[in-house]
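So this block is upload-v6.txt, compact mmCIF, C-alpha atoms and all ligand atoms:
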```
# COMPACT_ATOMS: atom_id res chain seq x y z
CA MET A 329 9.35 26.42 45.99
CA ASN A 330 8.76 23.50 43.62
CA GLN A 331 8.27 20.00 44.93
CA PHE A 332 8.53 16.94 42.71
CA ALA A 333 7.09 13.42 42.72
CA THR A 334 8.50 10.09 43.77
CA TYR A 335 7.24 7.09 41.80
CA PRO A 336 7.13 3.78 43.70
CA SER A 337 6.65 1.90 40.39
CA LEU A 338 10.13 2.93 39.21
CA LYS A 339 12.03 1.72 42.28
CA ASN A 340 14.36 -1.21 41.56
CA GLU A 341 13.23 -1.37 37.93
CA ALA A 342 15.77 -1.55 35.12
CA VAL A 343 15.63 1.31 32.62
CA VAL A 344 17.71 2.14 29.57
CA VAL A 345 18.49 5.60 28.19
CA THR A 346 20.25 6.32 24.90
CA GLY A 347 22.50 9.36 24.57
CA GLY A 348 22.60 9.51 28.36
CA ALA A 349 26.05 11.00 28.87
CA SER A 350 25.16 14.66 28.55
CA GLY A 351 22.35 17.17 28.08
CA ILE A 352 18.76 16.02 28.54
CA GLY A 353 19.81 12.34 28.56
CA ALA A 354 22.14 12.86 31.53
CA SER A 355 19.34 14.51 33.47
CA ILE A 356 17.04 11.58 32.62
CA VAL A 357 19.71 9.16 33.92
CA GLU A 358 20.06 11.19 37.13
CA HIS A 359 16.31 11.41 37.66
CA PHE A 360 15.77 7.65 37.23
CA ALA A 361 18.72 6.92 39.52
CA ALA A 362 17.21 9.24 42.15
CA GLN A 363 13.99 7.19 41.95
CA GLY A 364 15.95 4.05 42.86
CA ALA A 365 15.82 2.59 39.34
CA ARG A 366 18.70 0.53 37.95
CA VAL A 367 19.80 2.66 35.04
CA GLY A 368 21.88 1.74 32.01
CA PHE A 369 22.80 4.25 29.33
CA VAL A 370 24.57 4.15 26.00
CA ASP A 371 26.56 6.99 24.50
CA LEU A 372 29.62 7.54 22.36
CA ASP A 373 31.13 10.10 24.74
CA ASP A 374 33.45 7.97 26.91
CA LYS A 375 34.59 10.70 29.24
CA ALA A 376 31.19 12.20 30.03
CA GLY A 377 29.64 8.72 30.25
CA SER A 378 32.22 7.41 32.74
CA GLU A 379 31.91 10.54 34.88
CA LEU A 380 28.12 10.32 35.02
CA ALA A 381 28.28 6.60 35.84
CA ALA A 382 30.64 7.33 38.74
CA LYS A 383 28.36 10.11 39.98
CA THR A 384 25.03 8.24 39.76
CA GLY A 385 25.86 4.52 39.97
CA ALA A 386 24.24 4.03 36.55
CA ARG A 387 25.85 1.60 34.14
CA PHE A 388 27.54 3.26 31.16
CA MET A 389 27.84 1.32 27.90
CA ALA A 390 30.08 3.01 25.34
CA CYS A 391 28.45 2.60 21.96
CA ASP A 392 27.91 4.50 18.74
CA LEU A 393 24.20 4.08 18.02
CA ARG A 394 24.77 4.35 14.30
CA ASP A 395 26.20 0.83 14.66
CA ILE A 396 23.05 -1.28 15.23
CA GLY A 397 25.12 -4.42 15.96
CA ALA A 398 26.92 -2.61 18.79
CA LEU A 399 23.63 -1.20 20.11
CA ARG A 400 22.09 -4.69 20.18
CA LYS A 401 25.10 -6.10 22.05
CA ALA A 402 25.01 -3.32 24.64
CA LEU A 403 21.28 -3.74 25.30
CA ALA A 404 21.56 -7.54 25.49
CA ALA A 405 24.45 -7.29 27.98
CA PHE A 406 22.48 -4.83 30.15
CA GLU A 407 19.43 -7.06 30.16
CA LYS A 408 21.45 -10.15 31.02
CA ASP A 409 22.92 -8.31 33.96
CA GLN A 410 19.98 -6.22 35.20
CA GLY A 411 16.91 -8.06 33.95
CA PRO A 412 14.21 -6.87 31.56
CA PRO A 413 13.91 -3.10 31.31
CA LEU A 414 10.66 -1.49 32.40
CA ALA A 415 11.44 1.53 30.25
CA LEU A 416 13.49 2.49 27.21
CA VAL A 417 14.15 6.18 26.57
CA ASN A 418 15.25 6.80 22.98
CA ASN A 419 16.94 10.14 23.53
CA ALA A 420 20.16 10.32 21.49
CA ALA A 421 20.31 12.70 18.50
CA ARG A 422 22.38 15.55 17.06
CA ASP A 423 20.85 18.73 15.66
CA ASP A 424 23.77 19.62 13.36
CA ARG A 425 22.89 22.37 10.89
CA HIS A 426 23.18 21.67 7.15
CA ALA A 427 22.46 23.66 4.00
CA ILE A 428 20.19 22.00 1.43
CA GLU A 429 22.85 22.18 -1.31
CA ASP A 430 25.50 20.47 0.88
CA VAL A 431 23.46 17.35 1.68
CA THR A 432 24.75 14.21 -0.07
CA PRO A 433 22.93 10.85 -0.04
CA GLU A 434 25.57 9.61 2.43
CA TYR A 435 25.04 12.58 4.78
CA TRP A 436 21.27 12.11 4.57
CA ASP A 437 21.64 8.45 5.58
CA GLU A 438 24.00 9.39 8.39
CA ARG A 439 21.43 11.90 9.73
CA MET A 440 18.75 9.20 9.72
CA ALA A 441 21.11 6.80 11.47
CA THR A 442 21.89 9.39 14.15
CA ASN A 443 18.40 10.77 14.68
CA LEU A 444 15.91 8.03 13.85
CA ARG A 445 17.05 4.51 12.96
CA HIS A 446 18.42 3.52 16.39
CA GLN A 447 15.08 4.37 18.01
CA PHE A 448 13.40 1.55 16.13
CA PHE A 449 16.19 -0.97 16.71
CA ALA A 450 16.53 -0.17 20.42
CA ALA A 451 12.77 -0.75 20.76
CA GLN A 452 13.04 -3.98 18.77
CA ALA A 453 15.74 -5.18 21.19
CA VAL A 454 13.74 -4.61 24.38
CA ILE A 455 10.31 -5.67 23.12
CA PRO A 456 10.65 -9.47 23.59
CA THR A 457 11.12 -9.31 27.37
CA MET A 458 8.63 -6.47 27.76
CA ARG A 459 6.14 -8.70 25.95
CA LYS A 460 6.84 -11.57 28.33
CA ARG A 461 6.20 -9.29 31.31
CA LYS A 462 3.17 -7.71 29.60
CA ARG A 463 4.63 -4.43 30.77
CA GLY A 464 6.88 -1.72 29.45
CA ALA A 465 7.16 1.91 28.43
CA ILE A 466 9.03 3.22 25.43
CA ILE A 467 9.61 6.96 25.33
CA ASN A 468 10.87 8.41 22.05
CA VAL A 469 12.33 11.89 22.16
CA GLY A 470 11.18 14.03 19.26
CA SER A 471 11.59 17.77 18.66
CA ILE A 472 9.50 20.91 18.36
CA SER A 473 11.67 22.01 15.41
CA TRP A 474 9.61 20.52 12.59
CA ARG A 475 6.32 21.63 14.14
CA LEU A 476 7.68 25.22 14.14
CA ALA A 477 8.92 24.79 10.55
CA LEU A 478 12.48 25.68 11.62
CA GLY A 479 15.01 25.83 8.80
CA GLY A 480 18.71 25.04 8.48
CA MET A 481 18.49 21.33 9.25
CA PRO A 482 16.04 19.60 6.86
CA ALA A 483 17.36 16.07 7.50
CA TYR A 484 17.13 16.50 11.28
CA VAL A 485 13.55 17.80 11.18
CA THR A 486 12.57 14.99 8.81
CA ALA A 487 13.94 12.40 11.22
CA LYS A 488 12.28 14.06 14.20
CA SER A 489 8.87 14.20 12.52
CA ALA A 490 9.25 10.48 11.76
CA VAL A 491 9.87 9.81 15.45
CA GLU A 492 6.24 10.74 16.07
CA GLY A 493 5.05 8.41 13.30
CA LEU A 494 7.21 5.61 14.67
CA THR A 495 5.70 6.22 18.10
CA ARG A 496 2.14 5.82 16.90
CA GLY A 497 2.88 2.77 14.76
CA LEU A 498 4.67 0.96 17.58
CA ALA A 499 1.97 1.91 20.09
CA ARG A 500 -0.65 0.19 17.92
CA ASP A 501 1.42 -2.98 17.51
CA LEU A 502 2.49 -3.21 21.14
CA GLY A 503 -0.63 -2.12 23.00
CA PRO A 504 -2.08 -5.66 23.13
CA ASP A 505 1.09 -6.71 24.99
CA GLY A 506 0.74 -3.98 27.61
CA ILE A 507 3.63 -1.96 26.20
CA ARG A 508 3.06 1.79 25.99
CA VAL A 509 4.87 4.01 23.48
CA ASN A 510 4.86 7.79 23.72
CA CYS A 511 6.81 10.67 22.28
CA LEU A 512 8.25 13.49 24.33
CA VAL A 513 8.69 16.68 22.34
CA PRO A 514 11.10 19.18 23.89
CA GLY A 515 11.00 22.88 23.10
CA TRP A 516 14.22 24.82 23.49
CA ILE A 517 15.99 23.22 26.41
CA MET A 518 19.11 24.87 27.76
CA THR A 519 21.70 22.12 27.63
CA GLU A 520 25.43 22.89 27.63
CA ARG A 521 25.49 22.30 23.86
CA GLN A 522 22.55 24.62 23.17
CA ILE A 523 23.99 27.37 25.34
CA LYS A 524 27.45 27.04 23.75
CA LEU A 525 26.32 26.76 20.13
CA TRP A 526 23.04 28.56 19.69
CA LEU A 527 21.89 30.73 22.60
CA THR A 528 22.29 34.48 21.98
CA PRO A 529 20.78 37.41 23.90
CA GLU A 530 18.55 38.15 20.89
CA GLY A 531 17.46 34.49 20.62
CA GLU A 532 16.66 34.38 24.31
CA ALA A 533 14.64 37.61 24.14
CA GLU A 534 12.65 36.25 21.19
CA LEU A 535 12.02 32.97 22.97
CA MET A 536 10.68 34.84 25.99
CA THR A 537 8.20 36.71 23.83
CA LYS A 538 7.01 33.44 22.29
CA GLN A 539 6.82 31.12 25.31
CA CYS A 540 3.70 31.52 27.49
CA LEU A 541 5.88 30.85 30.54
CA LYS A 542 8.64 33.44 30.73
CA GLU A 543 11.43 31.19 31.96
CA LYS A 544 14.05 29.14 30.15
CA LEU A 545 13.61 25.38 30.29
CA TYR A 546 16.37 23.09 31.53
CA PRO A 547 16.91 19.31 31.18
CA PRO A 548 15.17 18.42 34.49
CA ASP A 549 11.95 19.93 33.10
CA VAL A 550 12.02 17.24 30.42
CA ALA A 551 13.33 14.47 32.67
CA ARG A 552 10.38 14.79 35.06
CA MET A 553 7.95 14.22 32.19
CA VAL A 554 9.94 11.12 31.18
CA LEU A 555 9.59 9.73 34.71
CA TRP A 556 5.82 10.14 34.56
CA LEU A 557 5.62 8.47 31.15
CA ALA A 558 7.64 5.50 32.44
CA ALA A 559 5.73 5.15 35.72
CA ASP A 560 2.44 3.37 36.41
CA ASP A 561 0.90 6.84 36.88
CA SER A 562 0.55 7.04 33.08
CA ARG A 563 -0.69 3.44 32.77
CA MET A 564 -3.43 4.12 30.18
CA VAL A 565 -1.46 6.67 28.17
CA THR A 566 -0.01 5.57 24.83
CA ALA A 567 0.45 6.72 21.21
CA GLN A 568 0.68 10.37 22.31
CA SER A 569 3.10 13.25 21.98
CA PHE A 570 3.81 15.47 24.96
CA ILE A 571 5.27 18.90 24.34
CA VAL A 572 7.45 20.38 27.07
CA ASP A 573 8.22 23.87 25.78
CA GLY A 574 6.84 26.44 28.19
CA GLY A 575 4.02 27.08 25.73
CA TRP A 576 6.17 28.03 22.73
CA ALA A 577 4.50 26.06 19.92
N1 LIG B 601 18.06 20.72 23.76
C1 LIG B 601 17.04 21.11 23.01
O1 LIG B 601 16.71 22.29 22.93
C2 LIG B 601 16.24 20.08 22.25
C3 LIG B 601 15.15 20.53 21.50
C4 LIG B 601 14.38 19.61 20.81
C5 LIG B 601 14.70 18.27 20.85
N2 LIG B 601 15.78 17.85 21.58
C6 LIG B 601 16.04 16.42 21.58
O2 LIG B 601 16.37 15.99 22.89
C7 LIG B 601 17.29 14.90 22.83
C8 LIG B 601 18.51 15.21 23.66
O3 LIG B 601 19.10 16.38 23.12
P1 LIG B 601 20.18 17.22 23.92
O4 LIG B 601 19.89 18.64 23.62
O5 LIG B 601 20.30 16.76 25.32
O6 LIG B 601 21.51 16.83 23.08
P2 LIG B 601 23.03 16.72 23.58
O7 LIG B 601 23.85 16.88 22.34
O8 LIG B 601 23.29 17.66 24.71
O9 LIG B 601 23.12 15.23 24.08
C9 LIG B 601 22.93 14.17 23.19
C10 LIG B 601 23.70 12.96 23.68
O10 LIG B 601 23.57 11.94 22.68
C11 LIG B 601 24.84 11.39 22.41
N3 LIG B 601 24.91 10.90 21.04
C12 LIG B 601 24.77 11.61 19.89
N4 LIG B 601 24.95 10.82 18.84
C13 LIG B 601 25.21 9.58 19.32
C14 LIG B 601 25.51 8.33 18.71
N5 LIG B 601 25.61 8.19 17.39
N6 LIG B 601 25.73 7.25 19.51
C15 LIG B 601 25.65 7.38 20.85
N7 LIG B 601 25.40 8.54 21.49
C16 LIG B 601 25.18 9.63 20.73
C17 LIG B 601 25.81 12.55 22.63
O11 LIG B 601 27.14 12.10 22.88
C18 LIG B 601 25.19 13.25 23.84
O12 LIG B 601 25.67 12.72 25.06
C19 LIG B 601 17.60 14.70 21.33
O13 LIG B 601 16.75 13.70 20.84
C20 LIG B 601 17.24 16.04 20.73
O14 LIG B 601 16.91 15.94 19.37
C21 LIG B 601 16.55 18.73 22.27
```

Go through the file and emit its structure as C-alpha cells.
Amino acid sequence: MNQFATYPSLKNEAVVVTGGASGIGASIVEHFAAQGARVGFVDLDDKAGSELAAKTGARFMACDLRDIGALRKALAAFEKDQGPPLALVNNAARDDRHAIEDVTPEYWDERMATNLRHQFFAAQAVIPTMRKRKRGAIINVGSISWRLALGGMPAYVTAKSAVEGLTRGLARDLGPDGIRVNCLVPGWIMTERQIKLWLTPEGEAELMTKQCLKEKLYPPDVARMVLWLAADDSRMVTAQSFIVDGGWA
C-alpha cells in the first residue's frame, strides 16, 4: 500500500492555484488543503468551483484568466485576506484540438491567453510579496505533448513549450530573491475531461505499451509532485522541469 508525505513547511501557508475547480487543479487544491495550507483558487467554472470550496474549505475566486485585470483583482483580494502566498501553481489551460487551416490570428491569440499569458501575469502579481519574504515557489504546469511532437493542436503545444522557457527565465530573475520557479510536465493524466473526450480502449492499450510503468496516472500523481515543489524539501531546486508520465516520454 502506498504511503504519502506530510510537509510541515506547507501548514498554515497561503497558496494559490489557477484552474483549480476540476481535473489536476482540483486535486492540487485538495492536496494543499489536506496539508493544512490556506488555499485560494481561480477558475471560470462557478459550479465546480463552489462545490470544491464547500468540500475543502478552500477559497474559490470566479475569474476568467484570459482577463488579466480580473486575475489581478482576484489575486490581490486573496493576498489581502490570507497574506502573501508561499506558492503559486499556474495550472489552468485547455487542450482544445484545432486544424492548422482553421486557425485565425484571433484564435491563436486566444490560445495564448488561455494556455500561457496568465502564467506570467499571475507570477507578476505574487512576486512583490514573495520578494519581501525572500521566499516563494512558482510551479508552472506544462505538457508532454510538444516533447512527443503530438499533432492536432499546434497553438496549444506552442504555448506549452513556452511555459518551460518562461520557467527558466523567471527562475534566473527571481533566484536572488529566494523565489524558486519550476515546471511540472504531466504525461497523460486521467481527468474527467480526458476520459470523456479522448480515452479509447485502443489509446489506453497504446499508452500501456509506451509507459514504463503499466498503470494509468491520475491527478493525485501530479498533485503530490506539486506539494514537493512548493515545500522546503525542494529548497535548492529551481529552473527545472519535472515529468510525471509513468515513463512515457
Ligand atoms: N490531463 C492531462 O493528460 C494533461 C496532460 C498534459 C498537460 N496537462 C496540463 O495540466 C493542467 C491541468 O489540466 P487538466 O487536464 O486538469 O484540465 P481540466 O480541463 O480538467 O481542468 C482545467 C481547469 O482550468 C479551468 N480553466 C480553463 N480555462 C480557464 C480560464 N480561461 N480561466 C479560468 N479557468 C480556466 C477549467 O475550468 C478547469 O477547471 C493544464 O495546464 C494542462 O495543459 C494535462

Contact residues around segment 532-534 of chain A with all atoms listed in the file at 10 Å, ignoring same-chain residues under 5 positions, as a ChimeraX atom specification: /A:516,526-527,539,542-544

Near-ligand residues for ligand LIG 601 (chain B), threshold 6 Å, all atoms listed in the file, as a PyMOL selection string: chain A and resi 347-353+371-373+391-394+419-422+442+469-472+514-519+521-522

Exercise: Thr495 of chain A partners within 8 Å, only C-alpha atoms, chain neighbours under 4 positions left out, as a ChimeraX atom specification: /A:468,491,499,509-511,567-568

Residue contacts of segment 454-458 of chain A (8 Å, only C-alpha atoms) excluding same-chain residues fewer than 6 positions away, as a ChimeraX atom specification: /A:403,412-414,416,464,507

Could you write out as JSON the box around segment 382-394 of chain A (axis-aligned, all atoms listed in the file, 4 Å on each side), with centre and edge lengths in Å to one decimal?
```
{"center_x": 27.4, "center_y": 5.7, "center_z": 27.1, "size_x": 14.4, "size_y": 16.8, "size_z": 33.7}
```

Missing atoms in segment 419-430 of chain A need filling: write out all heavy atoms for it as a PDB file, in the frame of the given file.
```pdb
ATOM      1  N   ASN A 419      16.672   8.697  23.390  1.00  0.00           N
ATOM      2  CA  ASN A 419      16.940  10.140  23.530  1.00  0.00           C
ATOM      3  C   ASN A 419      18.044  10.667  22.599  1.00  0.00           C
ATOM      4  O   ASN A 419      18.025  11.831  22.229  1.00  0.00           O
ATOM      5  CB  ASN A 419      17.320  10.406  24.999  1.00  0.00           C
ATOM      6  CG  ASN A 419      18.001  11.736  25.186  1.00  0.00           C
ATOM      7  OD1 ASN A 419      17.358  12.788  25.185  1.00  0.00           O
ATOM      8  ND2 ASN A 419      19.326  11.715  25.327  1.00  0.00           N
ATOM      9  N   ALA A 420      18.972   9.821  22.206  1.00  0.00           N
ATOM     10  CA  ALA A 420      20.160  10.320  21.490  1.00  0.00           C
ATOM     11  C   ALA A 420      19.793  10.953  20.142  1.00  0.00           C
ATOM     12  O   ALA A 420      18.908  10.475  19.437  1.00  0.00           O
ATOM     13  CB  ALA A 420      21.154   9.197  21.260  1.00  0.00           C
ATOM     14  N   ALA A 421      20.481  12.028  19.805  1.00  0.00           N
ATOM     15  CA  ALA A 421      20.310  12.700  18.500  1.00  0.00           C
ATOM     16  C   ALA A 421      21.369  13.795  18.419  1.00  0.00           C
ATOM     17  O   ALA A 421      22.051  14.090  19.402  1.00  0.00           O
ATOM     18  CB  ALA A 421      18.919  13.309  18.375  1.00  0.00           C
ATOM     19  N   ARG A 422      21.486  14.377  17.247  1.00  0.00           N
ATOM     20  CA  ARG A 422      22.380  15.550  17.060  1.00  0.00           C
ATOM     21  C   ARG A 422      21.718  16.506  16.078  1.00  0.00           C
ATOM     22  O   ARG A 422      21.409  16.106  14.949  1.00  0.00           O
ATOM     23  CB  ARG A 422      23.727  15.117  16.471  1.00  0.00           C
ATOM     24  CG  ARG A 422      24.785  14.748  17.489  1.00  0.00           C
ATOM     25  CD  ARG A 422      26.058  14.384  16.764  1.00  0.00           C
ATOM     26  NE  ARG A 422      26.725  15.586  16.282  1.00  0.00           N
ATOM     27  CZ  ARG A 422      27.640  16.241  16.970  1.00  0.00           C
ATOM     28  NH1 ARG A 422      27.991  15.815  18.165  1.00  0.00           N
ATOM     29  NH2 ARG A 422      28.217  17.306  16.458  1.00  0.00           N
ATOM     30  N   ASP A 423      21.563  17.755  16.507  1.00  0.00           N
ATOM     31  CA  ASP A 423      20.850  18.730  15.660  1.00  0.00           C
ATOM     32  C   ASP A 423      21.817  19.542  14.792  1.00  0.00           C
ATOM     33  O   ASP A 423      21.657  20.751  14.662  1.00  0.00           O
ATOM     34  CB  ASP A 423      19.983  19.647  16.528  1.00  0.00           C
ATOM     35  CG  ASP A 423      20.812  20.499  17.489  1.00  0.00           C
ATOM     36  OD1 ASP A 423      22.030  20.262  17.605  1.00  0.00           O
ATOM     37  OD2 ASP A 423      20.244  21.405  18.129  1.00  0.00           O
ATOM     38  N   ASP A 424      22.814  18.892  14.218  1.00  0.00           N
ATOM     39  CA  ASP A 424      23.770  19.620  13.360  1.00  0.00           C
ATOM     40  C   ASP A 424      23.052  20.352  12.244  1.00  0.00           C
ATOM     41  O   ASP A 424      22.135  19.814  11.615  1.00  0.00           O
ATOM     42  CB  ASP A 424      24.775  18.635  12.729  1.00  0.00           C
ATOM     43  CG  ASP A 424      25.612  17.940  13.779  1.00  0.00           C
ATOM     44  OD1 ASP A 424      25.766  18.490  14.883  1.00  0.00           O
ATOM     45  OD2 ASP A 424      26.098  16.816  13.500  1.00  0.00           O
ATOM     46  N   ARG A 425      23.493  21.587  11.979  1.00  0.00           N
ATOM     47  CA  ARG A 425      22.890  22.370  10.890  1.00  0.00           C
ATOM     48  C   ARG A 425      23.484  21.928   9.547  1.00  0.00           C
ATOM     49  O   ARG A 425      24.653  21.507   9.484  1.00  0.00           O
ATOM     50  CB  ARG A 425      23.149  23.859  11.076  1.00  0.00           C
ATOM     51  CG  ARG A 425      22.520  24.533  12.319  1.00  0.00           C
ATOM     52  CD  ARG A 425      21.279  23.884  12.855  1.00  0.00           C
ATOM     53  NE  ARG A 425      20.610  24.730  13.846  1.00  0.00           N
ATOM     54  CZ  ARG A 425      20.254  24.344  15.067  1.00  0.00           C
ATOM     55  NH1 ARG A 425      20.498  23.111  15.489  1.00  0.00           N
ATOM     56  NH2 ARG A 425      19.618  25.154  15.880  1.00  0.00           N
ATOM     57  N   HIS A 426      22.690  22.026   8.475  1.00  0.00           N
ATOM     58  CA  HIS A 426      23.180  21.670   7.150  1.00  0.00           C
ATOM     59  C   HIS A 426      22.386  22.425   6.083  1.00  0.00           C
ATOM     60  O   HIS A 426      21.159  22.537   6.171  1.00  0.00           O
ATOM     61  CB  HIS A 426      23.111  20.154   6.905  1.00  0.00           C
ATOM     62  CG  HIS A 426      21.851  19.509   7.398  1.00  0.00           C
ATOM     63  ND1 HIS A 426      21.676  19.091   8.703  1.00  0.00           N
ATOM     64  CD2 HIS A 426      20.678  19.236   6.773  1.00  0.00           C
ATOM     65  CE1 HIS A 426      20.468  18.587   8.855  1.00  0.00           C
ATOM     66  NE2 HIS A 426      19.832  18.657   7.698  1.00  0.00           N
ATOM     67  N   ALA A 427      23.110  22.949   5.103  1.00  0.00           N
ATOM     68  CA  ALA A 427      22.460  23.660   4.000  1.00  0.00           C
ATOM     69  C   ALA A 427      21.955  22.648   2.987  1.00  0.00           C
ATOM     70  O   ALA A 427      22.604  21.611   2.755  1.00  0.00           O
ATOM     71  CB  ALA A 427      23.458  24.604   3.332  1.00  0.00           C
ATOM     72  N   ILE A 428      20.815  22.941   2.372  1.00  0.00           N
ATOM     73  CA  ILE A 428      20.190  22.000   1.430  1.00  0.00           C
ATOM     74  C   ILE A 428      21.195  21.561   0.360  1.00  0.00           C
ATOM     75  O   ILE A 428      21.329  20.365   0.068  1.00  0.00           O
ATOM     76  CB  ILE A 428      18.970  22.668   0.758  1.00  0.00           C
ATOM     77  CG1 ILE A 428      17.864  22.890   1.796  1.00  0.00           C
ATOM     78  CG2 ILE A 428      18.441  21.819  -0.413  1.00  0.00           C
ATOM     79  CD1 ILE A 428      16.714  23.752   1.323  1.00  0.00           C
ATOM     80  N   GLU A 429      21.955  22.511  -0.185  1.00  0.00           N
ATOM     81  CA  GLU A 429      22.850  22.180  -1.310  1.00  0.00           C
ATOM     82  C   GLU A 429      24.050  21.329  -0.876  1.00  0.00           C
ATOM     83  O   GLU A 429      24.698  20.726  -1.722  1.00  0.00           O
ATOM     84  CB  GLU A 429      23.315  23.460  -2.027  1.00  0.00           C
ATOM     85  CG  GLU A 429      23.950  24.531  -1.175  1.00  0.00           C
ATOM     86  CD  GLU A 429      22.930  25.442  -0.467  1.00  0.00           C
ATOM     87  OE1 GLU A 429      21.748  25.076  -0.334  1.00  0.00           O
ATOM     88  OE2 GLU A 429      23.351  26.532  -0.014  1.00  0.00           O
ATOM     89  N   ASP A 430      24.343  21.262   0.415  1.00  0.00           N
ATOM     90  CA  ASP A 430      25.500  20.470   0.880  1.00  0.00           C
ATOM     91  C   ASP A 430      25.146  19.019   1.189  1.00  0.00           C
ATOM     92  O   ASP A 430      26.027  18.199   1.456  1.00  0.00           O
ATOM     93  CB  ASP A 430      26.095  21.097   2.157  1.00  0.00           C
ATOM     94  CG  ASP A 430      26.677  22.470   1.878  1.00  0.00           C
ATOM     95  OD1 ASP A 430      27.003  22.740   0.699  1.00  0.00           O
ATOM     96  OD2 ASP A 430      26.791  23.267   2.828  1.00  0.00           O
TER      97      ASP A 430
END
```
